Amino acid sequence: MLHLPILRQGEAYYSVDSVTANHHRTKQPLVKISMANSGLIRRDLRALPEIASMMSGFTCAELIALCEKASDHFFNATLPLGDAEQTPQDYIEQTSATTGSPWVMVRRNMEKIAGVMSNISGVLRGLTRNLDLSILDRGHGEATGAVVSYFRRGDSLGVVLPSNSPGVHSLWVPAFALKTALVLKPGASEPWSPYRIIQAFIRAGAPPEAFSYYPADHAGAGEILRRCGRGMVFGDVGTMKAYQNDPRIELHGPGWSKITIGEDMIDRWPEFIDIIAASICENSGRSCVNASGLWVPRHGYAIAEALAERVSKIAPRPANDPEAAVSPFADAGVASRINALVEQGLADPGAEDVTLKYRPGSRLAELEGCSYLLPTIVHVDSPEHTLANKEYLFPFASVVEVPQREIPEILGPTLVLTAITNDDAFRRRLLTANHIGRLNFGPIQTNRIVWDQPHEGNLFDHLYARRAFQMALQST
Amino acid sequence: MSQATTSTAAGLSAQIAAAQARLDAHTREIVNWHFSPETGCPFWLDYAATQLGWDPRKEIQSYPDLGKFPPFQDEWLRGGPVRKWIPRGLAGKPAFIFETGGSTGVPKSRVQMEDFRIDYENFSETLPDACFPTGADWISVGPSGPRRLRLAVEHLAQHRGGICFTVDLDPRWVIKLIKWGEIQMAERYKQHVVDQSLTIMKAHENIKCMFTTPKLLEAICEKVSLEKLGIEGIFCGGTEMTPQFHRFAVEELLGPNIYFAPTYGNTLMGLAVHKKPLPEDNWAIIYYPPSPRAMLEVVNPDRPTELVGYGQTGRVRLTTLTRETFIPRFLERDECEREAPCEQYPWDGVRNVRPFSRFKTSVVEGVY
C-alpha cells in the first residue's frame with residue numbers, strides 16, 4: 001500500500017502511528033498516512049526562526065521563478081509520493097478516490113492551482129496592490145511617491161487544510177513567493193495536493209526546509225496554529241469560533257455566498273439562469289464561493305422552478321465520466337446526515353423543495369455503491385425560515401423573496417455576492433456593506449475567481465505589515 | 001521446530017499453568033476473605049446476602065469462576081459511605097482515600113491501607129538498578145491531591161533509598177480549561193508546572209529518577225536536556241501513550257542514555273508494567289498486570305463475558321484481587337489488543353491501550 005510520510009522540514013519521516021484512507025467506492029484501503037504526534041510538531045517548529053531567516057535570504061524574484069517552475073512540475077511531472085512515484089494522472093485518480101470528486105473536477109482544480117503558481121507575479125501584483133517586490137527584499141523603498149517599509153508579521157504560515165476541494169490550495173501557495181515557510185496539516189481525505197505541491201517546489205529547487213507537512217489530529221492542528229507566526233484555518237462554524245479572537249489566524253469558514261437581482265433587472269431573470277445554476281452547482285457545490293442563496297424582490301417561485309428544472313438534470317455518473325457534475329460523499333453517513341438536516345428544515349412550514357417536481361428520484365441517491373446528494377433548490381416564504389441562509393456540502397440553494405430596500409443588511413455574512421443590477425443607489429449600498437467579502441456587479445458567477453483580487457482576507461496583508469519609516473541621508 | 005524451541009514453548013506452557021494455579025488459589029483466598037463475616041467489608045457481605053443468592057466462598061473456586069458475579073458497576077464507587085469498603089479484617093488500620101475521575105460529578109473512590117505500597121514495591125522489582133540507582137532522589141511531576149500517585153511514587157523512591165521531590169498538577173482544572181476552550185490558559189498552567197520542576201531539578205543534583213506524564217515530559221524536554229540534568233530513568237504514565245509517542249520519547253526526547261519505563265495504571269488496579277520492547281514490537285507499548293493482585297483482560301465490547309483472541313481488539317476488563325479491595329470484572333473506559341503471555345509475565349497482557357473508541361467524543365484527555 002502507498003504510504004505518505006510526514007515531511008519534517010522537507011525530510012520524509014515514517015511514523016509508527018498512521019491512518020488509512022480508503023477508496024470512496026470500493027472501500028478498499030488506498031493509502032496509509034503517517035500521523036505526527038503533537039510533541040514532534042512542537043519540537044520541529046522550534047526551528048522556525050532559523051528557517052524564516054533562511055527564507056529572507058532569497059529575493060522575491062528568485063522565489064517567483066521557483067514558483068513558476070514548480071507549477072510545471074506540479075502539472076506535468078512524475079513526482080515522489082513517499083517511496084513511490086505519482087504521475088499527474090495518478091494524482092487525479094488518487095484525489096478522486098479518497099474525496100469522491102470526479103476526475104474532471106480534480107483536473108479543473110489542478111489547473112487552478114497550477115494557474116496560480118505559473119501566474120504568481122500577477123497574483124502578487126493584485127495582493128500587494130502592485131508593490132515593487134524588491135521593497136520586500138530591501139525592507140524599505142519608495143512606492144507611488146511615498147517611502148514605505150514592510151516587515152514580515154511571523155516566521156511562518158501554518159495552514160490547517162480541508163478535504164472538500166483541492167482548489168483551496170491556491171490560497172496559501174503564494175505565501176512561498178512572499179518569503180514565508182509553510183507548515184501544512186492536510187485534510188484527512190485530501191492528503192495528496194499539498195504533498196504534490198511541496199514535491200513540485202522541491203523538484204524546482206526550492207529549499208526543502210521551507211515545507212513541513214504534518215498529517216495530525218485536532219491537537220496537532222492546534223499546535224501548528226499556536227506555534228506558527230501566522231495561521232490559516234479552513235473549517236466549519238465550530239472551528240471558526242475557536243479561533244475568531246486570534247488575529248494571527250485567517251479564517252476560512254462557510255461562505256454563504258449569494259446572488260441578488262435588483263428591482264431594475266428582475267423582470268429579465270430568465271437571462272441569468274445559466275450563471276445562477278453554475279454558481280450553485282459547479283465543483284459539486286463544495287466551495288465556499290458556490291452560491292447557496294438567491295435573494296430577489298419578486299418572481300421567486302418562478303425562478304426556483306426554472307433553476308430546479310435546470311439542476312435536476314444533473315445525475316450521478318462514474319468518477320471517470322467527463323460529464324460528471326456531482327461528487328459522491330466519501331463517507332455515506334455524512335450524506336445521510338446532511339440529507340436529514342435538509343429534511344428537518346423542510347419540515348418547518350414555509351419551505352418547498354422545488355426540485356422534487358423535476359427530479360426523478362430522491363435527493364439522496366446511489367450509484368455503484370456511492371452516496372450522492374443531488375442538486376436541490378428550495379423556495380422559502382421568508383428570510384427568517386431555517387433554510388433561508390444555509391450552506392451544505394452539495395449543490396443546494398434557497399430562493400428568498402425580500403424587498404430590495406432590506407438588502408444587503410438582511411443577507412448576513414456573505415463571502416461572495418453577485419449583484420445583478422444597474423441601480424447606482426443600490427450598488428452604493430452594497431459597496432459600503434462590511435459583511436460582504438467579494439462583490440461582483442453584473443451577471444458574474446460567484447465562483448469565478450480573479451486571482452489578482454484578494455479572497456477572504458488578503459494574504460499579503462496577513463503576512464506583512466507596513467511600518468512608519470524615515471531615513472536620514474548621510475554624507476560619506 | 002527445533003528442540004530448543006519446543007522446550008522453550010513447553011517451558012512457557014508450564015509457567016502459564018503455574019501462574020494460573022497461583023491466580024486460582026489467590027482468587028479463592030481473596031473471595032473467602034471478602035465474603036467471610038469476620039473479615040469481609042460491609043458492601044460485599046450485604047451484596048452477597050441481598051443480591052447474589054449464592055455463597056461466593058463455595059461457588060468461586062478458580063479465577064474463571066468470577067464470571068458468576070454480575071458486572072461490577074462503577075457507580076458503586078461513587079459517593080459514601082466509603083467505610084462500607086473497609087474489610088472488617090483490616091478495621092482500625094490507618095486508611096487512605098484515593099480518587100479517580102471527578103472532573104465533573106462525584107469521583108470514584110478506593111480506600112487503601114497498604115496496597116499502594118505493595119503495588120509499587122512490586123513494580124520496583126521491574127526497574128533496572130543501573131538506570132534507577134538505589135539511593136538516588138526522585139522528582140514526581142504530575143497529579144497529586146486526591147490521587148494515589150503522589151504517595152505511591154514517594155513510597156517507590158523511599159523503597160529504593162531515595163527522597164522524592166514533588167510538583168503538583170491538578171488534572172481536573174486542566175480538563176475544565178480545555179472544555180472551556182481556554183487553551184492558552186491550559187498552556188500557561190503547564191508551563192507553570194514545568195518551570196517549578198526545572199527549578200527543583202537544577203537545584204538538586206542527586207535527582208536521577210523522574211515520574212511524569214507524557215505531555216509534561218514533552219514540555220520539560222522542550223526546555224532542557226534531561227540527560228544533562230542528570231536524569232537516568234523515567235517512569236512515565238497517567239494518560240494514553242501511543243507507539244509513536246514511545247518512539248519519539250526514546251529517539252528524540254530522551255536519547256539512548258535515559259531508561260524510559262512507560263506504565264499503565266489507575267487507582268482501581270495498581271500498576272501494570274511494561275514489557276521491554278523488542279524490535280518486532282515496532283514501538284507497541286505492551287503492559288502486563290500485577291498478577292495475581294490484579295488482572296487485565298480484553299473482552300468483546302458487545303459481549304463482555306467473552307475474551308477476544310490474541311492480537312484482537314477489545315475493551316479492557318479489570319479485576320482487582322487484594323485483601324483491601326475486591327473488584328471483579330470491571331469494564332474500563334479503554335480499548336487495546338490482547339497480548340499473549342510471555343516468559344517474564346506468563347499471563348495475558350494488553351497492547352497499545354487507548355481510550356475506548358465508542359466513548360471517544362466524551363473523554364477529554366488533558367495536558368497531564
# chains A, B, ... in the order shown; residues from 1 in each chain; ligands from 1
call {"tool": "closest_atom_pairs", "arguments": {"of": "chain B", "to": "chain A", "cutoff": "9 Å", "atoms": "only C-alpha atoms", "output": "tab-separated table"}}
result
residue	atom	partner	partner_atom	distance
B:Gly181	CA	A:Ala242	CA	7.2
B:Gln184	CA	A:Arg226	CA	8.9
B:Lys215	CA	A:Gly39	CA	7.8
B:Glu218	CA	A:Gly39	CA	6.0
B:Ala219	CA	A:Gly39	CA	8.1
B:Glu222	CA	A:Arg43	CA	6.8
B:Thr242	CA	A:Asp17	CA	7.6
B:Pro243	CA	A:Val16	CA	6.3
B:Gln244	CA	A:Val16	CA	4.9
B:Phe245	CA	A:Asn37	CA	6.7
B:Arg247	CA	A:Val16	CA	7.8
B:Phe248	CA	A:Leu40	CA	7.1
B:Glu252	CA	A:Leu40	CA	8.6
B:Asn282	CA	A:Val16	CA	7.3
B:Trp283	CA	A:Val16	CA	7.4
B:Ala284	CA	A:Val16	CA	8.7
call {"tool": "select_by_dssp", "arguments": {"residues": "range 227-290 of chain B", "states": "alpha helix (DSSP H)", "output": "ChimeraX atom specification"}}
result
/B:243-248
call {"tool": "residues_around", "arguments": {"residues": "Ala14 in chain B", "least_positions_apart": "3", "cutoff": "12 Å", "atoms": "only C-alpha atoms", "output": "MDAnalysis selection string"}}
result
chainID B and resid 7:11 17:21 341:343 346:347
call {"tool": "write_last_selection", "arguments": {"atoms": "N, CA and C atoms", "output": "tab-separated table (two decimals), in the first residue's frame"}}
result
chain	number	residue	atom	x	y	z
B	7	SER	N	11.33	-26.94	23.67
B	7	SER	CA	11.46	-26.91	25.13
B	7	SER	C	11.12	-25.53	25.69
B	8	THR	N	11.40	-24.46	24.89
B	8	THR	CA	11.02	-23.11	25.35
B	8	THR	C	9.50	-23.00	25.43
B	9	ALA	N	8.83	-23.51	24.36
B	9	ALA	CA	7.36	-23.45	24.34
B	9	ALA	C	6.79	-24.26	25.50
B	10	ALA	N	7.40	-25.43	25.74
B	10	ALA	CA	6.91	-26.26	26.85
B	10	ALA	C	7.14	-25.55	28.17
B	11	GLY	N	8.29	-24.87	28.25
B	11	GLY	CA	8.61	-24.13	29.48
B	11	GLY	C	7.60	-23.02	29.72
B	17	ALA	N	0.71	-22.35	33.22
B	17	ALA	CA	-0.13	-23.20	34.08
B	17	ALA	C	0.14	-22.88	35.55
B	18	ALA	N	1.40	-22.66	35.89
B	18	ALA	CA	1.75	-22.36	37.29
B	18	ALA	C	1.14	-21.02	37.70
B	19	ALA	N	1.22	-20.05	36.79
B	19	ALA	CA	0.65	-18.73	37.10
B	19	ALA	C	-0.86	-18.81	37.27
B	20	GLN	N	-1.48	-19.63	36.43
B	20	GLN	CA	-2.94	-19.80	36.52
B	20	GLN	C	-3.31	-20.45	37.85
B	21	ALA	N	-2.52	-21.44	38.24
B	21	ALA	CA	-2.80	-22.12	39.52
B	21	ALA	C	-2.65	-21.14	40.68
B	341	PRO	N	0.74	-14.29	26.79
B	341	PRO	CA	1.70	-14.37	27.91
B	341	PRO	C	3.13	-14.48	27.37
B	342	CYS	N	4.08	-14.03	28.15
B	342	CYS	CA	5.49	-14.19	27.77
B	342	CYS	C	6.24	-14.79	28.95
B	343	GLU	N	7.50	-15.08	28.73
B	343	GLU	CA	8.29	-15.75	29.76
B	343	GLU	C	8.33	-14.94	31.06
B	346	PRO	N	3.88	-14.64	32.57
B	346	PRO	CA	3.14	-15.73	31.92
B	346	PRO	C	1.63	-15.64	32.12
B	347	TRP	N	1.09	-14.51	31.82
B	347	TRP	CA	-0.37	-14.33	31.84
B	347	TRP	C	-0.72	-13.27	30.80
call {"tool": "residues_around", "arguments": {"residues": "range 293-305 of chain A", "least_positions_apart": "6", "cutoff": "9 Å", "atoms": "only C-alpha atoms", "output": "mmCIF file with C-alpha atoms, in the first residue's frame"}}
result
data_model
loop_
_atom_site.group_PDB
_atom_site.id
_atom_site.type_symbol
_atom_site.label_atom_id
_atom_site.label_comp_id
_atom_site.auth_asym_id
_atom_site.auth_seq_id
_atom_site.Cartn_x
_atom_site.Cartn_y
_atom_site.Cartn_z
ATOM 1 C CA TRP A 256 -22.835 31.729 2.488
ATOM 2 C CA SER A 257 -22.231 33.197 -0.972
ATOM 3 C CA LYS A 258 -25.292 34.621 -2.702
ATOM 4 C CA ILE A 259 -26.754 36.194 -5.788
ATOM 5 C CA THR A 260 -29.195 39.068 -5.763
ATOM 6 C CA ILE A 261 -31.089 40.667 -8.630
ATOM 7 C CA GLY A 262 -32.136 44.291 -8.382
ATOM 8 C CA GLU A 263 -35.632 45.703 -8.993
ATOM 9 C CA ILE A 266 -35.628 41.246 -12.015
ATOM 10 C CA ASP A 267 -38.078 41.022 -14.903
ATOM 11 C CA TRP A 269 -34.406 36.920 -14.703
ATOM 12 C CA PRO A 270 -34.546 34.138 -17.363
ATOM 13 C CA ILE A 273 -30.486 31.268 -15.008
ATOM 14 C CA ILE A 276 -27.048 31.192 -11.248
ATOM 15 C CA ILE A 280 -24.703 26.771 -7.336
ATOM 16 C CA VAL A 354 -38.998 22.648 -5.777
ATOM 17 C CA THR A 355 -36.584 20.127 -7.296
ATOM 18 C CA LYS A 357 -41.219 18.366 -9.197
ATOM 19 C CA TYR A 358 -38.465 17.659 -11.690
ATOM 20 C CA ILE A 377 -33.460 24.194 -4.925
ATOM 21 C CA VAL A 378 -35.681 25.226 -2.052
ATOM 22 C CA HIS A 379 -38.176 28.066 -2.134
ATOM 23 C CA VAL A 380 -38.790 29.654 1.257
ATOM 24 C CA PRO A 383 -35.898 35.293 5.138
ATOM 25 C CA ALA A 388 -33.154 30.686 4.032
ATOM 26 C CA ASN A 389 -29.463 31.086 4.764
ATOM 27 C CA LYS A 390 -27.954 27.614 4.876
ATOM 28 C CA GLU A 391 -24.927 26.178 3.171
ATOM 29 C CA PHE A 396 -28.042 23.473 -2.565
ATOM 30 C CA ALA A 397 -29.622 26.901 -2.732
ATOM 31 C CA SER A 398 -32.646 28.592 -1.315
ATOM 32 C CA VAL A 399 -34.621 31.242 -3.166
ATOM 33 C CA VAL A 400 -35.831 34.035 -0.915
ATOM 34 C CA GLU A 401 -38.071 36.967 -1.758
ATOM 35 C CA VAL A 402 -37.188 40.187 0.056
ATOM 36 C CA PRO A 403 -37.754 43.845 -0.749
ATOM 37 C CA GLN A 404 -34.623 45.398 -2.260
ATOM 38 C CA ILE A 407 -30.590 44.187 1.076
ATOM 39 C CA LEU A 411 -28.078 38.850 3.861
#
call {"tool": "residues_around", "arguments": {"residues": "His385 in chain A", "least_positions_apart": "4", "cutoff": "8 Å", "atoms": "only C-alpha atoms", "output": "list in words"}}
result
Asp348, Gly350, Ala351, Val380 and Asp381 of chain A
call {"tool": "write_last_selection", "arguments": {"atoms": "N, CA, C and O atoms", "output": "mmCIF file, in the first residue's frame"}}
result
data_model
loop_
_atom_site.group_PDB
_atom_site.id
_atom_site.type_symbol
_atom_site.label_atom_id
_atom_site.label_comp_id
_atom_site.auth_asym_id
_atom_site.auth_seq_id
_atom_site.Cartn_x
_atom_site.Cartn_y
_atom_site.Cartn_z
ATOM 1 N N ASP A 348 -40.215 22.524 8.576
ATOM 2 C CA ASP A 348 -40.719 23.808 9.089
ATOM 3 C C ASP A 348 -41.626 24.421 8.024
ATOM 4 O O ASP A 348 -41.217 24.540 6.860
ATOM 5 N N GLY A 350 -43.453 26.613 5.303
ATOM 6 C CA GLY A 350 -42.996 27.757 4.505
ATOM 7 C C GLY A 350 -41.874 27.420 3.550
ATOM 8 O O GLY A 350 -41.391 28.304 2.851
ATOM 9 N N ALA A 351 -41.452 26.163 3.499
ATOM 10 C CA ALA A 351 -40.373 25.795 2.576
ATOM 11 C C ALA A 351 -40.837 24.683 1.654
ATOM 12 O O ALA A 351 -41.590 23.802 2.075
ATOM 13 N N VAL A 380 -38.311 29.386 -0.102
ATOM 14 C CA VAL A 380 -38.790 29.654 1.257
ATOM 15 C C VAL A 380 -39.623 30.946 1.236
ATOM 16 O O VAL A 380 -39.383 31.844 0.427
ATOM 17 N N ASP A 381 -40.588 31.013 2.132
ATOM 18 C CA ASP A 381 -41.513 32.150 2.078
ATOM 19 C C ASP A 381 -41.073 33.330 2.930
ATOM 20 O O ASP A 381 -41.745 34.349 2.991
#
call {"tool": "atom_distance", "arguments": {"atom1": "CA of Phe201 in chain A", "atom2": "CA of Arg286 in chain A"}}
result
27.1 Å
call {"tool": "residues_around", "arguments": {"residues": "range 208-214 of chain B", "least_positions_apart": "2", "cutoff": "8 Å", "atoms": "only C-alpha atoms", "output": "list in words"}}
result
Cys131, Phe132, Pro133, Ala136, Asp137, Trp138, Ile139, Ser140, Val141, Gly142, Val153, Glu205, Asn206, Leu216, Leu217, Glu218, Gly230, Ile231, Glu232, Gly233, Ile234, Phe235, Cys236, Gly237, Gly238, Thr239, Met241 and Tyr368 of chain B
call {"tool": "write_last_selection", "arguments": {"atoms": "C-alpha atoms", "output": "PDB file, in the first residue's frame"}}
result
ATOM      1  CA  CYS B 131      19.004   3.387  35.487  1.00  0.00           C
ATOM      2  CA  PHE B 132      17.050   3.907  38.702  1.00  0.00           C
ATOM      3  CA  PRO B 133      20.013   3.789  41.108  1.00  0.00           C
ATOM      4  CA  ALA B 136      19.111   8.349  44.052  1.00  0.00           C
ATOM      5  CA  ASP B 137      16.478  11.018  44.624  1.00  0.00           C
ATOM      6  CA  TRP B 138      13.320  11.301  42.557  1.00  0.00           C
ATOM      7  CA  ILE B 139      11.089  14.031  41.278  1.00  0.00           C
ATOM      8  CA  SER B 140       7.411  13.409  40.652  1.00  0.00           C
ATOM      9  CA  VAL B 141       5.823  15.900  38.274  1.00  0.00           C
ATOM     10  CA  GLY B 142       2.160  15.074  37.966  1.00  0.00           C
ATOM     11  CA  VAL B 153       5.783   7.396  43.768  1.00  0.00           C
ATOM     12  CA  GLU B 205      21.944  17.240  41.789  1.00  0.00           C
ATOM     13  CA  ASN B 206      21.022  13.908  43.364  1.00  0.00           C
ATOM     14  CA  LEU B 216       4.644  17.056  30.775  1.00  0.00           C
ATOM     15  CA  LEU B 217       7.662  15.037  29.641  1.00  0.00           C
ATOM     16  CA  GLU B 218       7.390  16.628  26.204  1.00  0.00           C
ATOM     17  CA  GLY B 230      21.480  14.023  35.392  1.00  0.00           C
ATOM     18  CA  ILE B 231      18.248  12.101  34.894  1.00  0.00           C
ATOM     19  CA  GLU B 232      18.920   8.399  34.286  1.00  0.00           C
ATOM     20  CA  GLY B 233      15.481   6.786  34.434  1.00  0.00           C
ATOM     21  CA  ILE B 234      11.955   7.969  33.706  1.00  0.00           C
ATOM     22  CA  PHE B 235       8.793   6.276  34.816  1.00  0.00           C
ATOM     23  CA  CYS B 236       6.008   7.725  32.680  1.00  0.00           C
ATOM     24  CA  GLY B 237       2.266   7.232  32.846  1.00  0.00           C
ATOM     25  CA  GLY B 238      -1.043   8.762  33.711  1.00  0.00           C
ATOM     26  CA  THR B 239      -2.551   9.133  30.252  1.00  0.00           C
ATOM     27  CA  MET B 241       0.685   6.731  25.259  1.00  0.00           C
ATOM     28  CA  TYR B 368      -1.335  15.828  32.318  1.00  0.00           C
TER      29      TYR B 368
END
call {"tool": "decode", "arguments": {"residues": "range 36-146 of chain B", "atoms": "C-alpha atoms", "output": "compact mmCIF listing (two decimals), in the first residue's frame"}}
result
# COMPACT_ATOMS: atom_id res chain seq x y z
CA SER B 36 -16.41 -14.09 55.45
CA PRO B 37 -18.37 -12.24 58.13
CA GLU B 38 -15.21 -11.91 60.25
CA THR B 39 -13.02 -10.32 57.59
CA GLY B 40 -15.21 -9.04 54.72
CA CYS B 41 -16.34 -5.49 54.09
CA PRO B 42 -19.95 -4.35 54.65
CA PHE B 43 -20.56 -3.79 50.94
CA TRP B 44 -19.72 -7.31 49.79
CA LEU B 45 -21.31 -9.01 52.79
CA ASP B 46 -24.52 -7.11 52.21
CA TYR B 47 -24.34 -7.73 48.47
CA ALA B 48 -23.95 -11.47 48.96
CA ALA B 49 -26.85 -11.54 51.43
CA THR B 50 -29.28 -9.42 49.41
CA GLN B 51 -28.30 -9.70 45.74
CA LEU B 52 -26.42 -12.87 44.98
CA GLY B 53 -28.43 -15.69 46.49
CA TRP B 54 -25.34 -17.90 46.49
CA ASP B 55 -22.22 -18.10 48.66
CA PRO B 56 -19.13 -16.97 46.76
CA ARG B 57 -16.90 -18.84 49.22
CA LYS B 58 -18.36 -22.09 47.91
CA GLU B 59 -19.02 -21.21 44.30
CA ILE B 60 -15.80 -19.40 43.45
CA GLN B 61 -13.03 -21.96 43.29
CA SER B 62 -10.98 -20.52 40.44
CA TYR B 63 -10.35 -17.24 38.66
CA PRO B 64 -12.73 -18.05 35.76
CA ASP B 65 -15.48 -18.67 38.36
CA LEU B 66 -15.53 -14.88 38.93
CA GLY B 67 -17.67 -14.80 35.80
CA LYS B 68 -20.54 -15.82 38.07
CA PHE B 69 -20.58 -12.32 39.51
CA PRO B 70 -22.68 -9.75 37.67
CA PRO B 71 -20.56 -6.97 36.16
CA PHE B 72 -19.09 -4.58 38.70
CA GLN B 73 -20.78 -1.16 38.48
CA ASP B 74 -18.52 1.86 38.74
CA GLU B 75 -21.42 3.79 40.30
CA TRP B 76 -20.88 1.69 43.43
CA LEU B 77 -17.59 3.51 43.92
CA ARG B 78 -19.12 6.99 43.75
CA GLY B 79 -20.27 8.57 46.99
CA GLY B 80 -20.36 7.25 50.52
CA PRO B 81 -20.18 5.91 52.99
CA VAL B 82 -16.66 4.91 52.00
CA ARG B 83 -16.34 2.81 55.16
CA LYS B 84 -18.57 0.21 53.51
CA TRP B 85 -15.44 -0.85 51.59
CA ILE B 86 -13.20 -1.36 54.65
CA PRO B 87 -12.81 -5.08 55.38
CA ARG B 88 -13.51 -5.96 58.99
CA GLY B 89 -10.26 -7.90 58.99
CA LEU B 90 -8.42 -4.61 58.46
CA ALA B 91 -10.51 -2.46 60.80
CA GLY B 92 -8.55 0.10 62.77
CA LYS B 93 -5.69 0.36 60.26
CA PRO B 94 -4.97 3.91 59.05
CA ALA B 95 -6.94 4.30 55.82
CA PHE B 96 -6.34 6.50 52.79
CA ILE B 97 -8.98 7.54 50.32
CA PHE B 98 -7.87 7.83 46.70
CA GLU B 99 -10.00 9.14 43.86
CA THR B 100 -10.12 8.68 40.13
CA GLY B 101 -12.04 10.83 37.62
CA GLY B 102 -14.05 13.64 39.12
CA SER B 103 -13.52 16.49 36.66
CA THR B 104 -17.32 16.67 36.76
CA GLY B 105 -19.56 14.95 39.26
CA VAL B 106 -18.66 12.63 42.08
CA PRO B 107 -15.32 10.86 41.63
CA LYS B 108 -14.84 7.13 42.16
CA SER B 109 -13.10 6.35 45.44
CA ARG B 110 -10.96 3.50 46.66
CA VAL B 111 -9.99 3.02 50.28
CA GLN B 112 -6.49 1.70 50.81
CA MET B 113 -4.16 0.97 53.64
CA GLU B 114 -1.07 -0.77 52.29
CA ASP B 115 -1.98 -1.69 48.69
CA PHE B 116 -0.31 1.29 47.07
CA ARG B 117 2.90 0.50 48.89
CA ILE B 118 2.78 -3.20 47.97
CA ASP B 119 1.98 -2.38 44.31
CA TYR B 120 4.88 0.00 44.00
CA GLU B 121 7.31 -2.26 45.83
CA ASN B 122 6.43 -4.98 43.32
CA PHE B 123 6.83 -2.51 40.49
CA SER B 124 10.20 -1.51 41.90
CA GLU B 125 11.46 -5.04 41.20
CA THR B 126 10.93 -4.42 37.47
CA LEU B 127 13.08 -1.27 37.34
CA PRO B 128 16.72 -1.74 36.34
CA ASP B 129 19.02 -0.63 39.16
CA ALA B 130 21.53 0.79 36.70
CA CYS B 131 19.00 3.39 35.49
CA PHE B 132 17.05 3.91 38.70
CA PRO B 133 20.01 3.79 41.11
CA THR B 134 19.47 2.85 44.74
CA GLY B 135 19.83 5.93 46.89
CA ALA B 136 19.11 8.35 44.05
CA ASP B 137 16.48 11.02 44.62
CA TRP B 138 13.32 11.30 42.56
CA ILE B 139 11.09 14.03 41.28
CA SER B 140 7.41 13.41 40.65
CA VAL B 141 5.82 15.90 38.27
CA GLY B 142 2.16 15.07 37.97
CA PRO B 143 -1.16 14.73 39.72
CA SER B 144 -1.20 14.58 43.50
CA GLY B 145 -4.10 15.77 45.65
CA PRO B 146 -6.73 13.06 45.85
